[in-house]
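K.L.:
The following block contains the structure, expressed as structure tokens.
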Amino acid sequence: MTDFGRRSRLVLFGSLLLVMLLNQHDEVRAAQLQAAWADASTNINGFALERSTGTTGTFAQITTTAGTVTSYSDSSLTGGTTYCYRVRAFNSAGYSAYSSTACATPPQTFALAVVEAGTGTGTVTSTPAGITCGTSCSANYPSGTAVTVTATAAAGSSFTSWTGGGCAGTGTCTMTLTASTIVTAAFSASTQTVVLRVAKAGTGRGQVVSAPAGITCGRSCSATYAGGTAVTLTAQAGNKSRFTGWSGGGCGGTGACTVTLTAPASVTATFTR
């Protein structure tokens, strides 16, 4: 065959971790190795890349590239398994000798999944990043990674406990992943109740009603709600009167006002003749 110049040399770069998929509690692993090589010949039509599993496995061709392409990303490998590669050039006359063999092992990875339970709601986040649950409740990390999860209760709820992964209590929890792990974060709906009071002021007449129901002021000008409840107040001016504005409870203007009850609150509605 026509001379290829100096022998091809295969250089294997470090492995890259791809996103792994989690389906319920079954993980699908995907890893990638990047192979690159160099050849000084000018009469090459392409390169043929071969791979074996393990250092004593049988080589099989996995791809060919054009002569101008000198790298290949081998994906969908199994983390923790060693793969070896070799490459040879070809043209119309045949193949060159094989390059030297290069081997590498993509890192083994494990899935961490968070399950939220209980009557309340909240979020769980992780360090390193990857989990933001409710939205993304699983992520994959290299073996040996120390992952810290933090639970934050939503308004009207409280975080009550961790279970699984060696986690307990209500503080942050750090796990060193040596296997796929499931952690449950339990949230409870708050039993705290908060009083909202409405007062009327001014020379005019009118009433204030609430949603959720409870306040119809005139008659009933206070109500008790579960902590964290968002209560919307609406003012309705009486005959020959107009509603001129809110004060207190973070309310202002003349439109409807929403108060999120994390503590007792008082709101005044002013009506003018």
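Identifiers in the structure tokens: chain A, B, ... in order shown; residue index from 1 per chain; ligand index from 1 in order shown.
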Check region 94-254 of chain A with DSSP on the backbone and list each residue it calls strand (DSSP E), as a PyMOL selection string.
P.N.:
chain A and resi 94-95+102-104+109-117+122-127+132-133+138-142+146-153+157-163+173-176+181-189+193-201+206-211+216-217+222-226+230-237+242-247
K.L.:
I'd like a table as a Markdown table: residues in region 133-186 of chain A with an atom no more than 12 Å from region 256-269 of chain A, each row giving the shortest atom pair and its distance in Å to one decimal, only C-alpha atoms counted, sorted by chain and rising residue number.
P.N.:
| residue | atom | partner | partner_atom | distance |
| --- | --- | --- | --- | --- |
| A:Ala154 | CA | A:Thr262 | CA | 11.4 |
| A:Ala155 | CA | A:Thr262 | CA | 7.9 |
| A:Gly156 | CA | A:Thr262 | CA | 8.1 |
| A:Ser157 | CA | A:Thr262 | CA | 11.1 |
K.L.:
Hey, which of A:Thr82, A:Cys137, A:Thr42, A:Ser52 ends up closest to Thr68 (chain A)? Count only C-alpha atoms.
P.N.:
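For Thr68 (chain A), the nearest of the given residues is A:Thr42.
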K.L.:
Hey, what's within 6 Å of Thr272 (chain A) if we count only C-alpha atoms and toss same-chain stuff fewer than 6 positions away? As a PDB file with N, CA and C atoms, in the first residue's frame, please?
P.N.:
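Full text of selection_31.pdb as output:
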ATOM      1  N   GLY A 202     -63.454  56.517  57.962  1.00  0.00           N
ATOM      2  CA  GLY A 202     -63.918  57.535  57.037  1.00  0.00           C
ATOM      3  C   GLY A 202     -65.377  57.887  57.251  1.00  0.00           C
ATOM      4  N   THR A 203     -65.842  58.838  56.435  1.00  0.00           N
ATOM      5  CA  THR A 203     -67.201  59.358  56.570  1.00  0.00           C
ATOM      6  C   THR A 203     -68.212  58.611  55.723  1.00  0.00           C
ATOM      7  N   GLY A 204     -67.739  57.704  54.866  1.00  0.00           N
ATOM      8  CA  GLY A 204     -68.629  56.975  53.984  1.00  0.00           C
ATOM      9  C   GLY A 204     -69.032  55.626  54.545  1.00  0.00           C
ATOM     10  N   SER A 241     -71.297  56.814  48.584  1.00  0.00           N
ATOM     11  CA  SER A 241     -69.957  56.720  49.163  1.00  0.00           C
ATOM     12  C   SER A 241     -68.984  56.180  48.115  1.00  0.00           C
ATOM     13  N   ARG A 242     -67.730  56.378  48.380  1.00  0.00           N
ATOM     14  CA  ARG A 242     -66.709  55.770  47.527  1.00  0.00           C
ATOM     15  C   ARG A 242     -65.583  55.234  48.403  1.00  0.00           C
TER      16      ARG A 242
END
K.L.:
Would you please work out which residue, of A:Ala179, A:Ala226, A:Leu196, A:Cys173, is nearest to Pro142 (chain A) when using only C-alpha atoms?
P.N.:
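Ranking A:Ala179, A:Ala226, A:Leu196, A:Cys173 by distance to Pro142 (chain A), first place goes to A:Ala179.
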K.L.:
Between A:Val114, A:Val231, A:Leu49, A:Ala93, single out the one closest to Ala151 (chain A), counting only C-alpha atoms.
P.N.:
A:Val114
K.L.:
Which is closer to Tyr72 (chain A) than all the others in A:Ser188, A:Thr109, A:Gly46, A:Gln34, using only C-alpha atoms?
P.N.:
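Result for the nearest residue to Tyr72 (chain A): A:Gln34.
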K.L.:
Using only C-alpha atoms, which of the listed residues (A:Tyr95, A:Arg88, A:Gly252, A:Gln236) sits closest to Thr63 (chain A)?
P.N.:
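For Thr63 (chain A), the nearest of the candidates is A:Arg88.
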K.L.:
Report, in Å with one decimal, the straight-line distance from CA of Thr127 (chain A) to CA of Leu33 (chain A).
P.N.:
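Going from CA of Thr127 (chain A) over to CA of Leu33 (chain A), I get 25.7 Å.
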K.L.:
Please measure the separation of CA of Thr172 (chain A) and CA of Gly118 (chain A), giving the value in Å to one decimal.
P.N.:
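So the two atoms, CA of Thr172 (chain A) and CA of Gly118 (chain A), lie 18.3 Å apart.
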K.L.:
Pick the closest to Gln192 (chain A) from A:Asn43, A:Ala211, A:Ser158, A:Thr176: which is it, counting only C-alpha atoms?
P.N.:
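With only C-alpha atoms as the atom set, the closest residue is A:Ser158.
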K.L.:
Record the distance separating CA of Ser92 (chain A) and CA of Asn45 (chain A), expressed in Å with one decimal.
P.N.:
7.4 Å
